[in-house]
Amino acid sequence: MSATTGPTGSQKFEGGAVGFIGLGVMGRSLAGHLLKAGFPLVVYSRTRASAEVAITAGAQWAASPAELVSRCRLIFTMVGLPADVEQVYLGPGGLLQNTATGSLLIDLTTSTPALAQRIAEAATQRGLAALDAPVTGGDVGARNAQLSIMVGGTAEAFARAEPVLRLFGPTIVRHGPAGSGQHAKMCNQIMIACTMMGMCEALAYARGSGLDPQLLLKSTSGGGAASWSLQSLAPRILQGNFAPGFYVKHFCKDLAIALAAAKEMRLDLPGLTLGEKLYRELAAAGHADDGTQALWKLYEARLPKRN
């Protein structure tokens, strides 16, 4: 990494500050890790209120993405939807029109592989480097710097980015050229969807058979059924805690991307197909802003009524 320590003790990235666009549930924690590491940080979000925690901690506010990139040489983005990614990077006043030659752009958003490829190609044409680097680990992983990061892009750009990405988590894997990180994230989301369905069905079975669900978690969390979802989200279900570590509405977006990509590859994935259907149903029932563990609400509603 070309980060250096200047006379004030603050780290810099190739002569500029680090920029971060998108300070939601996970983004604000990641911005905090950059600040704690000593990087001068410039932030932008749709509403300044979302950035107040970072600003209070020492980040500088930018009034627009264009202003942000005029002051930064490493830029992270973590926005909501592929349409948001496209607007931020390729739209009027977007990053690729305004970023200085030689800068590195890293999109942490879960988006489409095709869009990641378009951004990387456009960046190369302008003398920039771009990586798609979606993450997994939820709000807890972001807060504790324990995310797993799946990267697509050139080996050279990855080598520049990896030391900074280590501030966010210990598991960082380059999967191949642009778009590969997004494909890896789709695999991750498919596994989560199928695991969540299995977990909810097991809890429904436990309820139907009269088992104590707390004891069930104790016996299964250390066995062959163990998973992050079982250990982290099943306890929230039993507590009635459906606050978002990752929003249902964003998971619906991810599963739709995965399903569309699977169809393009002529893959028949029944678990993904069912998971996407159930999460769409959950969002339509008013739970779009709940966490993914709210899938339990669908199963709970279908349990036989007790006498």
# chains A, B, ... in the order shown; residues from 1 in each chain; ligands from 1

call {"tool": "residues_around", "arguments": {"residues": "region 117-126 of chain A", "least_positions_apart": "4", "cutoff": "8 Å", "atoms": "only C-alpha atoms", "output": "count of residues only"}}
result
10

call {"tool": "closest_atom_pairs", "arguments": {"of": "region 150-243 of chain A", "to": "region 255-261 of chain A", "cutoff": "9 Å", "atoms": "only C-alpha atoms", "output": "tab-separated table"}}
result
residue	atom	partner	partner_atom	distance
A:His183	CA	A:Ala258	CA	8.1
A:Lys185	CA	A:Ala258	CA	8.9
A:Met186	CA	A:Ala258	CA	5.4
A:Cys187	CA	A:Ala258	CA	7.9
A:Gln189	CA	A:Leu255	CA	6.9
A:Ile190	CA	A:Leu255	CA	7.2
A:Ala193	CA	A:Leu255	CA	8.2

call {"tool": "select_by_dssp", "arguments": {"residues": "region 84-293 of chain A", "states": "alpha helix (DSSP H)", "output": "PyMOL selection string"}}
result
chain A and resi 84-90+95-98+113-125+138-143+155-165+180-209+213-220+228-232+234-239+248-264+270-282

call {"tool": "residues_around", "arguments": {"residues": "region 24-26 of chain A", "least_positions_apart": "4", "cutoff": "9 Å", "atoms": "only C-alpha atoms", "output": "PDB file with N, CA, C and O atoms, in the first residue's frame"}}
result
ATOM      1  N   LEU A  30     -17.782   1.221   9.052  1.00  0.00           N
ATOM      2  CA  LEU A  30     -16.567   1.115   8.254  1.00  0.00           C
ATOM      3  C   LEU A  30     -15.850   2.464   8.187  1.00  0.00           C
ATOM      4  O   LEU A  30     -14.610   2.524   8.254  1.00  0.00           O
ATOM      5  N   ALA A  31     -16.608   3.535   8.074  1.00  0.00           N
ATOM      6  CA  ALA A  31     -16.009   4.865   8.108  1.00  0.00           C
ATOM      7  C   ALA A  31     -15.299   5.087   9.435  1.00  0.00           C
ATOM      8  O   ALA A  31     -14.206   5.678   9.488  1.00  0.00           O
ATOM      9  N   SER A  45     -23.264  11.496   2.069  1.00  0.00           N
ATOM     10  CA  SER A  45     -24.462  10.652   2.040  1.00  0.00           C
ATOM     11  C   SER A  45     -25.624  11.522   1.587  1.00  0.00           C
ATOM     12  O   SER A  45     -25.511  12.752   1.521  1.00  0.00           O
ATOM     13  N   SER A  50     -27.138  11.349   8.310  1.00  0.00           N
ATOM     14  CA  SER A  50     -26.549  10.012   8.318  1.00  0.00           C
ATOM     15  C   SER A  50     -25.051  10.049   8.569  1.00  0.00           C
ATOM     16  O   SER A  50     -24.462   9.056   9.001  1.00  0.00           O
ATOM     17  N   ALA A  51     -24.439  11.199   8.300  1.00  0.00           N
ATOM     18  CA  ALA A  51     -22.986  11.324   8.431  1.00  0.00           C
ATOM     19  C   ALA A  51     -22.554  11.971   9.737  1.00  0.00           C
ATOM     20  O   ALA A  51     -21.351  12.103   9.988  1.00  0.00           O
ATOM     21  N   MET A  78     -20.818   2.610  -0.642  1.00  0.00           N
ATOM     22  CA  MET A  78     -21.662   1.564  -0.072  1.00  0.00           C
ATOM     23  C   MET A  78     -23.092   2.111  -0.051  1.00  0.00           C
ATOM     24  O   MET A  78     -23.565   2.647   0.944  1.00  0.00           O
ATOM     25  N   VAL A  79     -23.754   1.988  -1.197  1.00  0.00           N
ATOM     26  CA  VAL A  79     -25.085   2.559  -1.362  1.00  0.00           C
ATOM     27  C   VAL A  79     -26.111   1.428  -1.452  1.00  0.00           C
ATOM     28  O   VAL A  79     -25.777   0.263  -1.240  1.00  0.00           O
ATOM     29  N   GLY A  80     -27.358   1.749  -1.765  1.00  0.00           N
ATOM     30  CA  GLY A  80     -28.415   0.759  -1.624  1.00  0.00           C
ATOM     31  C   GLY A  80     -28.616  -0.192  -2.783  1.00  0.00           C
ATOM     32  O   GLY A  80     -28.512  -1.410  -2.641  1.00  0.00           O
ATOM     33  N   GLY A 138     -22.877  -8.634   8.092  1.00  0.00           N
ATOM     34  CA  GLY A 138     -23.931  -7.860   8.732  1.00  0.00           C
ATOM     35  C   GLY A 138     -23.433  -6.723   9.597  1.00  0.00           C
ATOM     36  O   GLY A 138     -22.250  -6.352   9.581  1.00  0.00           O
ATOM     37  N   ASP A 139     -24.357  -6.170  10.361  1.00  0.00           N
ATOM     38  CA  ASP A 139     -24.036  -5.012  11.196  1.00  0.00           C
ATOM     39  C   ASP A 139     -22.991  -5.340  12.246  1.00  0.00           C
ATOM     40  O   ASP A 139     -22.110  -4.539  12.545  1.00  0.00           O
ATOM     41  N   VAL A 140     -23.073  -6.557  12.817  1.00  0.00           N
ATOM     42  CA  VAL A 140     -22.115  -6.953  13.857  1.00  0.00           C
ATOM     43  C   VAL A 140     -20.722  -7.090  13.263  1.00  0.00           C
ATOM     44  O   VAL A 140     -19.731  -6.628  13.837  1.00  0.00           O
ATOM     45  N   GLY A 141     -20.626  -7.722  12.087  1.00  0.00           N
ATOM     46  CA  GLY A 141     -19.338  -7.868  11.431  1.00  0.00           C
ATOM     47  C   GLY A 141     -18.726  -6.528  11.072  1.00  0.00           C
ATOM     48  O   GLY A 141     -17.513  -6.328  11.196  1.00  0.00           O
ATOM     49  N   ALA A 142     -19.566  -5.590  10.613  1.00  0.00           N
ATOM     50  CA  ALA A 142     -19.059  -4.257  10.279  1.00  0.00           C
ATOM     51  C   ALA A 142     -18.577  -3.536  11.528  1.00  0.00           C
ATOM     52  O   ALA A 142     -17.512  -2.910  11.534  1.00  0.00           O
ATOM     53  N   ARG A 143     -19.345  -3.633  12.598  1.00  0.00           N
ATOM     54  CA  ARG A 143     -18.997  -2.946  13.837  1.00  0.00           C
ATOM     55  C   ARG A 143     -17.695  -3.490  14.436  1.00  0.00           C
ATOM     56  O   ARG A 143     -16.869  -2.736  14.955  1.00  0.00           O
ATOM     57  N   PRO A 244     -32.993  -4.531  11.905  1.00  0.00           N
ATOM     58  CA  PRO A 244     -32.137  -4.923  10.786  1.00  0.00           C
ATOM     59  C   PRO A 244     -30.649  -4.891  11.096  1.00  0.00           C
ATOM     60  O   PRO A 244     -30.105  -3.886  11.547  1.00  0.00           O
ATOM     61  N   GLY A 245     -30.010  -6.040  10.890  1.00  0.00           N
ATOM     62  CA  GLY A 245     -28.570  -6.059  10.701  1.00  0.00           C
ATOM     63  C   GLY A 245     -28.343  -5.966   9.212  1.00  0.00           C
ATOM     64  O   GLY A 245     -27.359  -5.422   8.730  1.00  0.00           O
ATOM     65  N   PHE A 246     -29.311  -6.517   8.464  1.00  0.00           N
ATOM     66  CA  PHE A 246     -29.346  -6.401   7.008  1.00  0.00           C
ATOM     67  C   PHE A 246     -30.812  -6.391   6.619  1.00  0.00           C
ATOM     68  O   PHE A 246     -31.576  -7.290   6.998  1.00  0.00           O
TER      69      PHE A 246
END

call {"tool": "atom_distance", "arguments": {"atom1": "CA of Val88 (chain A)", "atom2": "CA of Tyr44 (chain A)"}}
result
11.2 Å

call {"tool": "residues_around", "arguments": {"residues": "Arg73 (chain A)", "least_positions_apart": "4", "cutoff": "10 Å", "atoms": "only C-alpha atoms", "output": "JSON, numbers by chain"}}
result
{"A": [12, 13, 14, 15, 16, 17, 18, 19, 68, 69, 99, 100, 101, 102, 103, 104, 105, 128]}

call {"tool": "closest_residue", "arguments": {"among": "A:Gly275, A:Pro177, A:Pro235, A:Gly286", "to": "Lys253 (chain A)", "atoms": "only C-alpha atoms"}}
result
A:Gly275

call {"tool": "atom_distance", "arguments": {"atom1": "CA of Pro304 (chain A)", "atom2": "CA of Ala206 (chain A)"}}
result
12.7 Å

call {"tool": "atom_distance", "arguments": {"atom1": "CA of Arg280 (chain A)", "atom2": "CA of Cys252 (chain A)"}}
result
6.2 Å

call {"tool": "residues_around", "arguments": {"residues": "Thr77 (chain A)", "least_positions_apart": "3", "cutoff": "9 Å", "atoms": "only C-alpha atoms", "output": "ChimeraX atom specification"}}
result
/A:19-22,27,85,88,105-109

call {"tool": "write_last_selection", "arguments": {"atoms": "all heavy atoms", "output": "CSV table (one decimal), in the first residue's frame"}}
result
chain,number,residue,atom,x,y,z
A,19,GLY,N,-12.2,8.8,0.8
A,19,GLY,CA,-13.6,9.2,0.7
A,19,GLY,C,-14.5,8.0,1.0
A,19,GLY,O,-14.2,6.9,0.6
A,20,PHE,N,-15.6,8.3,1.6
A,20,PHE,CA,-16.6,7.2,1.8
A,20,PHE,C,-18.0,7.8,1.5
A,20,PHE,O,-18.4,8.8,2.1
A,20,PHE,CB,-16.6,6.7,3.3
A,20,PHE,CG,-17.1,5.3,3.5
A,20,PHE,CD1,-16.2,4.3,3.7
A,20,PHE,CD2,-18.4,5.1,3.4
A,20,PHE,CE1,-16.7,3.0,3.8
A,20,PHE,CE2,-18.9,3.8,3.5
A,20,PHE,CZ,-18.0,2.7,3.7
A,21,ILE,N,-18.7,7.1,0.6
A,21,ILE,CA,-20.0,7.5,0.2
A,21,ILE,C,-21.0,6.5,0.6
A,21,ILE,O,-20.9,5.3,0.2
A,21,ILE,CB,-20.1,7.8,-1.4
A,21,ILE,CG1,-19.2,8.9,-1.8
A,21,ILE,CG2,-21.5,8.0,-1.8
A,21,ILE,CD1,-19.0,9.1,-3.3
A,22,GLY,N,-22.0,6.8,1.4
A,22,GLY,CA,-23.0,5.9,1.9
A,22,GLY,C,-22.8,5.5,3.3
A,22,GLY,O,-21.9,4.6,3.6
A,27,GLY,N,-22.1,1.1,6.6
A,27,GLY,CA,-21.1,2.1,6.2
A,27,GLY,C,-20.6,3.0,7.3
A,27,GLY,O,-19.4,3.3,7.3
A,85,VAL,N,-25.8,2.7,-7.5
A,85,VAL,CA,-24.4,2.6,-7.9
A,85,VAL,C,-24.2,3.2,-9.3
A,85,VAL,O,-23.2,3.9,-9.5
A,85,VAL,CB,-24.0,1.1,-7.9
A,85,VAL,CG1,-22.6,0.9,-8.5
A,85,VAL,CG2,-24.1,0.4,-6.5
A,88,VAL,N,-24.2,7.0,-9.0
A,88,VAL,CA,-23.0,7.5,-8.3
A,88,VAL,C,-21.8,7.5,-9.2
A,88,VAL,O,-21.0,8.4,-9.3
A,88,VAL,CB,-22.8,6.8,-7.0
A,88,VAL,CG1,-21.4,7.1,-6.4
A,88,VAL,CG2,-23.8,7.2,-6.0
A,105,LEU,N,-11.2,3.3,-6.9
A,105,LEU,CA,-12.6,3.3,-6.4
A,105,LEU,C,-13.0,1.9,-6.0
A,105,LEU,O,-12.8,1.0,-6.8
A,105,LEU,CB,-13.5,3.9,-7.5
A,105,LEU,CG,-13.1,5.3,-8.0
A,105,LEU,CD1,-12.6,5.2,-9.4
A,105,LEU,CD2,-14.3,6.2,-7.9
A,106,ILE,N,-13.6,1.8,-4.9
A,106,ILE,CA,-14.0,0.4,-4.4
A,106,ILE,C,-15.4,0.5,-4.0
A,106,ILE,O,-15.8,1.2,-3.1
A,106,ILE,CB,-13.1,0.0,-3.2
A,106,ILE,CG1,-11.6,0.1,-3.5
A,106,ILE,CG2,-13.5,-1.4,-2.7
A,106,ILE,CD1,-10.7,-0.2,-2.3
A,107,ASP,N,-16.2,-0.3,-4.7
A,107,ASP,CA,-17.7,-0.4,-4.4
A,107,ASP,C,-17.9,-1.6,-3.5
A,107,ASP,O,-17.8,-2.7,-3.9
A,107,ASP,CB,-18.5,-0.5,-5.7
A,107,ASP,CG,-20.0,-0.4,-5.4
A,107,ASP,OD1,-20.4,0.2,-4.4
A,107,ASP,OD2,-20.7,-1.0,-6.2
A,108,LEU,N,-18.4,-1.3,-2.3
A,108,LEU,CA,-18.7,-2.3,-1.3
A,108,LEU,C,-20.2,-2.7,-1.4
A,108,LEU,O,-20.6,-3.7,-0.7
A,108,LEU,CB,-18.4,-1.8,0.1
A,108,LEU,CG,-17.0,-1.3,0.4
A,108,LEU,CD1,-16.9,-0.6,1.7
A,108,LEU,CD2,-16.0,-2.4,0.3
A,109,THR,N,-21.0,-2.1,-2.2
A,109,THR,CA,-22.4,-2.4,-2.4
A,109,THR,C,-22.5,-3.8,-3.1
A,109,THR,O,-21.7,-4.2,-3.9
A,109,THR,CB,-23.0,-1.4,-3.3
A,109,THR,OG1,-22.6,-0.1,-3.0
A,109,THR,CG2,-24.5,-1.5,-3.3

call {"tool": "select_by_dssp", "arguments": {"residues": "region 83-301 of chain A", "states": "strand (DSSP E or B)", "output": "ChimeraX atom specification"}}
result
/A:104-107,129-132,135-136,148-152,171-176,247,291

call {"tool": "closest_residue", "arguments": {"among": "A:Leu74, A:Ala262, A:Ala226, A:Ala37", "to": "Ala157 (chain A)", "atoms": "only C-alpha atoms"}}
result
A:Leu74

call {"tool": "residues_around", "arguments": {"residues": "Asp290 (chain A)", "least_positions_apart": "3", "cutoff": "6 Å", "atoms": "only C-alpha atoms", "output": "list in words"}}
result
Phe242, Ala243, Pro244, Tyr247, Val248 and His287 of chain A

call {"tool": "residues_around", "arguments": {"residues": "Val164 (chain A)", "least_positions_apart": "5", "cutoff": "10 Å", "atoms": "only C-alpha atoms", "output": "list in words"}}
result
Met1, Ala3, Phe13, His33, Leu34, Ala37, Phe39, Leu74, Ala159 and Gly169 of chain A

call {"tool": "closest_residue", "arguments": {"among": "A:Pro40, A:His250, A:Ser227, A:Gly210", "to": "Ile75 (chain A)", "atoms": "only C-alpha atoms"}}
result
A:Pro40

call {"tool": "closest_residue", "arguments": {"among": "A:Asp254, A:Glu300, A:Glu86, A:Glu276", "to": "Pro134 (chain A)", "atoms": "only C-alpha atoms"}}
result
A:Asp254

call {"tool": "decode", "arguments": {"residues": "region 290-304 of chain A", "atoms": "all heavy atoms", "output": "PDB file, in the first residue's frame"}}
result
ATOM      1  N   ASP A 290     -37.411  -4.621   8.122  1.00  0.00           N
ATOM      2  CA  ASP A 290     -36.943  -5.513   9.183  1.00  0.00           C
ATOM      3  C   ASP A 290     -35.651  -6.188   8.750  1.00  0.00           C
ATOM      4  O   ASP A 290     -35.235  -6.120   7.588  1.00  0.00           O
ATOM      5  CB  ASP A 290     -37.994  -6.582   9.490  1.00  0.00           C
ATOM      6  CG  ASP A 290     -39.173  -6.042  10.276  1.00  0.00           C
ATOM      7  OD1 ASP A 290     -39.058  -4.950  10.864  1.00  0.00           O
ATOM      8  OD2 ASP A 290     -40.223  -6.715  10.303  1.00  0.00           O
ATOM      9  N   GLY A 291     -35.024  -6.888   9.682  1.00  0.00           N
ATOM     10  CA  GLY A 291     -33.846  -7.678   9.364  1.00  0.00           C
ATOM     11  C   GLY A 291     -34.237  -8.990   8.707  1.00  0.00           C
ATOM     12  O   GLY A 291     -35.396  -9.431   8.775  1.00  0.00           O
ATOM     13  N   THR A 292     -33.270  -9.649   8.086  1.00  0.00           N
ATOM     14  CA  THR A 292     -33.555 -10.879   7.337  1.00  0.00           C
ATOM     15  C   THR A 292     -34.131 -11.985   8.215  1.00  0.00           C
ATOM     16  O   THR A 292     -34.845 -12.861   7.717  1.00  0.00           O
ATOM     17  CB  THR A 292     -32.284 -11.406   6.649  1.00  0.00           C
ATOM     18  OG1 THR A 292     -31.222 -11.502   7.610  1.00  0.00           O
ATOM     19  CG2 THR A 292     -31.860 -10.478   5.528  1.00  0.00           C
ATOM     20  N   GLN A 293     -33.874 -11.928   9.524  1.00  0.00           N
ATOM     21  CA  GLN A 293     -34.427 -12.941  10.422  1.00  0.00           C
ATOM     22  C   GLN A 293     -35.945 -12.855  10.525  1.00  0.00           C
ATOM     23  O   GLN A 293     -36.600 -13.785  11.023  1.00  0.00           O
ATOM     24  CB  GLN A 293     -33.795 -12.837  11.818  1.00  0.00           C
ATOM     25  CG  GLN A 293     -34.186 -11.597  12.623  1.00  0.00           C
ATOM     26  CD  GLN A 293     -33.307 -10.397  12.366  1.00  0.00           C
ATOM     27  OE1 GLN A 293     -32.680 -10.291  11.325  1.00  0.00           O
ATOM     28  NE2 GLN A 293     -33.255  -9.472  13.318  1.00  0.00           N
ATOM     29  N   ALA A 294     -36.527 -11.770  10.016  1.00  0.00           N
ATOM     30  CA  ALA A 294     -37.985 -11.621  10.033  1.00  0.00           C
ATOM     31  C   ALA A 294     -38.675 -12.637   9.139  1.00  0.00           C
ATOM     32  O   ALA A 294     -39.904 -12.744   9.161  1.00  0.00           O
ATOM     33  CB  ALA A 294     -38.383 -10.209   9.610  1.00  0.00           C
ATOM     34  N   LEU A 295     -37.920 -13.412   8.367  1.00  0.00           N
ATOM     35  CA  LEU A 295     -38.534 -14.498   7.605  1.00  0.00           C
ATOM     36  C   LEU A 295     -39.350 -15.396   8.528  1.00  0.00           C
ATOM     37  O   LEU A 295     -40.350 -16.002   8.109  1.00  0.00           O
ATOM     38  CB  LEU A 295     -37.458 -15.324   6.893  1.00  0.00           C
ATOM     39  CG  LEU A 295     -37.960 -16.447   5.980  1.00  0.00           C
ATOM     40  CD1 LEU A 295     -38.749 -15.873   4.806  1.00  0.00           C
ATOM     41  CD2 LEU A 295     -36.803 -17.299   5.477  1.00  0.00           C
ATOM     42  N   TRP A 296     -38.956 -15.485   9.785  1.00  0.00           N
ATOM     43  CA  TRP A 296     -39.693 -16.285  10.759  1.00  0.00           C
ATOM     44  C   TRP A 296     -41.154 -15.876  10.833  1.00  0.00           C
ATOM     45  O   TRP A 296     -42.032 -16.716  11.086  1.00  0.00           O
ATOM     46  CB  TRP A 296     -39.047 -16.157  12.138  1.00  0.00           C
ATOM     47  CG  TRP A 296     -39.895 -16.707  13.241  1.00  0.00           C
ATOM     48  CD1 TRP A 296     -40.499 -16.006  14.236  1.00  0.00           C
ATOM     49  CD2 TRP A 296     -40.268 -18.081  13.445  1.00  0.00           C
ATOM     50  NE1 TRP A 296     -41.218 -16.836  15.061  1.00  0.00           N
ATOM     51  CE2 TRP A 296     -41.095 -18.126  14.599  1.00  0.00           C
ATOM     52  CE3 TRP A 296     -39.993 -19.265  12.780  1.00  0.00           C
ATOM     53  CZ2 TRP A 296     -41.639 -19.308  15.088  1.00  0.00           C
ATOM     54  CZ3 TRP A 296     -40.534 -20.444  13.270  1.00  0.00           C
ATOM     55  CH2 TRP A 296     -41.343 -20.461  14.401  1.00  0.00           C
ATOM     56  N   LYS A 297     -41.453 -14.607  10.601  1.00  0.00           N
ATOM     57  CA  LYS A 297     -42.829 -14.142  10.708  1.00  0.00           C
ATOM     58  C   LYS A 297     -43.747 -14.889   9.733  1.00  0.00           C
ATOM     59  O   LYS A 297     -44.914 -15.145  10.042  1.00  0.00           O
ATOM     60  CB  LYS A 297     -42.907 -12.629  10.457  1.00  0.00           C
ATOM     61  CG  LYS A 297     -42.251 -11.786  11.556  1.00  0.00           C
ATOM     62  CD  LYS A 297     -42.324 -10.318  11.225  1.00  0.00           C
ATOM     63  CE  LYS A 297     -41.729  -9.451  12.319  1.00  0.00           C
ATOM     64  NZ  LYS A 297     -42.598  -9.377  13.503  1.00  0.00           N
ATOM     65  N   LEU A 298     -43.236 -15.221   8.540  1.00  0.00           N
ATOM     66  CA  LEU A 298     -44.048 -15.989   7.594  1.00  0.00           C
ATOM     67  C   LEU A 298     -44.331 -17.382   8.128  1.00  0.00           C
ATOM     68  O   LEU A 298     -45.458 -17.876   8.026  1.00  0.00           O
ATOM     69  CB  LEU A 298     -43.338 -16.096   6.244  1.00  0.00           C
ATOM     70  CG  LEU A 298     -43.199 -14.841   5.394  1.00  0.00           C
ATOM     71  CD1 LEU A 298     -42.609 -15.210   4.032  1.00  0.00           C
ATOM     72  CD2 LEU A 298     -44.542 -14.137   5.204  1.00  0.00           C
ATOM     73  N   TYR A 299     -43.327 -18.016   8.672  1.00  0.00           N
ATOM     74  CA  TYR A 299     -43.493 -19.367   9.199  1.00  0.00           C
ATOM     75  C   TYR A 299     -44.387 -19.365  10.440  1.00  0.00           C
ATOM     76  O   TYR A 299     -45.245 -20.238  10.610  1.00  0.00           O
ATOM     77  CB  TYR A 299     -42.134 -19.981   9.527  1.00  0.00           C
ATOM     78  CG  TYR A 299     -41.378 -20.423   8.297  1.00  0.00           C
ATOM     79  CD1 TYR A 299     -40.574 -19.540   7.598  1.00  0.00           C
ATOM     80  CD2 TYR A 299     -41.488 -21.724   7.822  1.00  0.00           C
ATOM     81  CE1 TYR A 299     -39.890 -19.936   6.462  1.00  0.00           C
ATOM     82  CE2 TYR A 299     -40.810 -22.137   6.689  1.00  0.00           C
ATOM     83  CZ  TYR A 299     -40.011 -21.244   6.012  1.00  0.00           C
ATOM     84  OH  TYR A 299     -39.337 -21.648   4.882  1.00  0.00           O
ATOM     85  N   GLU A 300     -44.181 -18.381  11.303  1.00  0.00           N
ATOM     86  CA  GLU A 300     -44.988 -18.291  12.521  1.00  0.00           C
ATOM     87  C   GLU A 300     -46.463 -18.114  12.189  1.00  0.00           C
ATOM     88  O   GLU A 300     -47.337 -18.706  12.834  1.00  0.00           O
ATOM     89  CB  GLU A 300     -44.492 -17.122  13.372  1.00  0.00           C
ATOM     90  CG  GLU A 300     -45.184 -17.001  14.720  1.00  0.00           C
ATOM     91  CD  GLU A 300     -44.618 -15.856  15.527  1.00  0.00           C
ATOM     92  OE1 GLU A 300     -44.353 -14.775  14.941  1.00  0.00           O
ATOM     93  OE2 GLU A 300     -44.451 -16.032  16.750  1.00  0.00           O
ATOM     94  N   ALA A 301     -46.743 -17.315  11.151  1.00  0.00           N
ATOM     95  CA  ALA A 301     -48.132 -17.070  10.761  1.00  0.00           C
ATOM     96  C   ALA A 301     -48.811 -18.335  10.242  1.00  0.00           C
ATOM     97  O   ALA A 301     -50.044 -18.425  10.253  1.00  0.00           O
ATOM     98  CB  ALA A 301     -48.190 -15.978   9.701  1.00  0.00           C
ATOM     99  N   ARG A 302     -48.017 -19.306   9.796  1.00  0.00           N
ATOM    100  CA  ARG A 302     -48.572 -20.533   9.212  1.00  0.00           C
ATOM    101  C   ARG A 302     -48.620 -21.687  10.211  1.00  0.00           C
ATOM    102  O   ARG A 302     -49.040 -22.794   9.855  1.00  0.00           O
ATOM    103  CB  ARG A 302     -47.751 -20.919   7.993  1.00  0.00           C
ATOM    104  CG  ARG A 302     -47.872 -19.899   6.865  1.00  0.00           C
ATOM    105  CD  ARG A 302     -46.821 -20.106   5.796  1.00  0.00           C
ATOM    106  NE  ARG A 302     -46.958 -19.099   4.737  1.00  0.00           N
ATOM    107  CZ  ARG A 302     -46.103 -18.891   3.766  1.00  0.00           C
ATOM    108  NH1 ARG A 302     -45.013 -19.639   3.689  1.00  0.00           N
ATOM    109  NH2 ARG A 302     -46.307 -17.963   2.860  1.00  0.00           N
ATOM    110  N   LEU A 303     -48.173 -21.438  11.442  1.00  0.00           N
ATOM    111  CA  LEU A 303     -48.224 -22.497  12.444  1.00  0.00           C
ATOM    112  C   LEU A 303     -49.682 -22.810  12.807  1.00  0.00           C
ATOM    113  O   LEU A 303     -50.535 -21.905  12.846  1.00  0.00           O
ATOM    114  CB  LEU A 303     -47.482 -22.079  13.703  1.00  0.00           C
ATOM    115  CG  LEU A 303     -45.944 -22.027  13.605  1.00  0.00           C
ATOM    116  CD1 LEU A 303     -45.371 -21.391  14.868  1.00  0.00           C
ATOM    117  CD2 LEU A 303     -45.374 -23.419  13.402  1.00  0.00           C
ATOM    118  N   PRO A 304     -49.999 -24.067  13.094  1.00  0.00           N
ATOM    119  CA  PRO A 304     -51.354 -24.412  13.536  1.00  0.00           C
ATOM    120  C   PRO A 304     -51.697 -23.662  14.823  1.00  0.00           C
ATOM    121  O   PRO A 304     -50.840 -23.456  15.683  1.00  0.00           O
ATOM    122  CB  PRO A 304     -51.281 -25.917  13.777  1.00  0.00           C
ATOM    123  CG  PRO A 304     -50.098 -26.383  12.997  1.00  0.00           C
ATOM    124  CD  PRO A 304     -49.128 -25.238  13.001  1.00  0.00           C
TER     125      PRO A 304
END
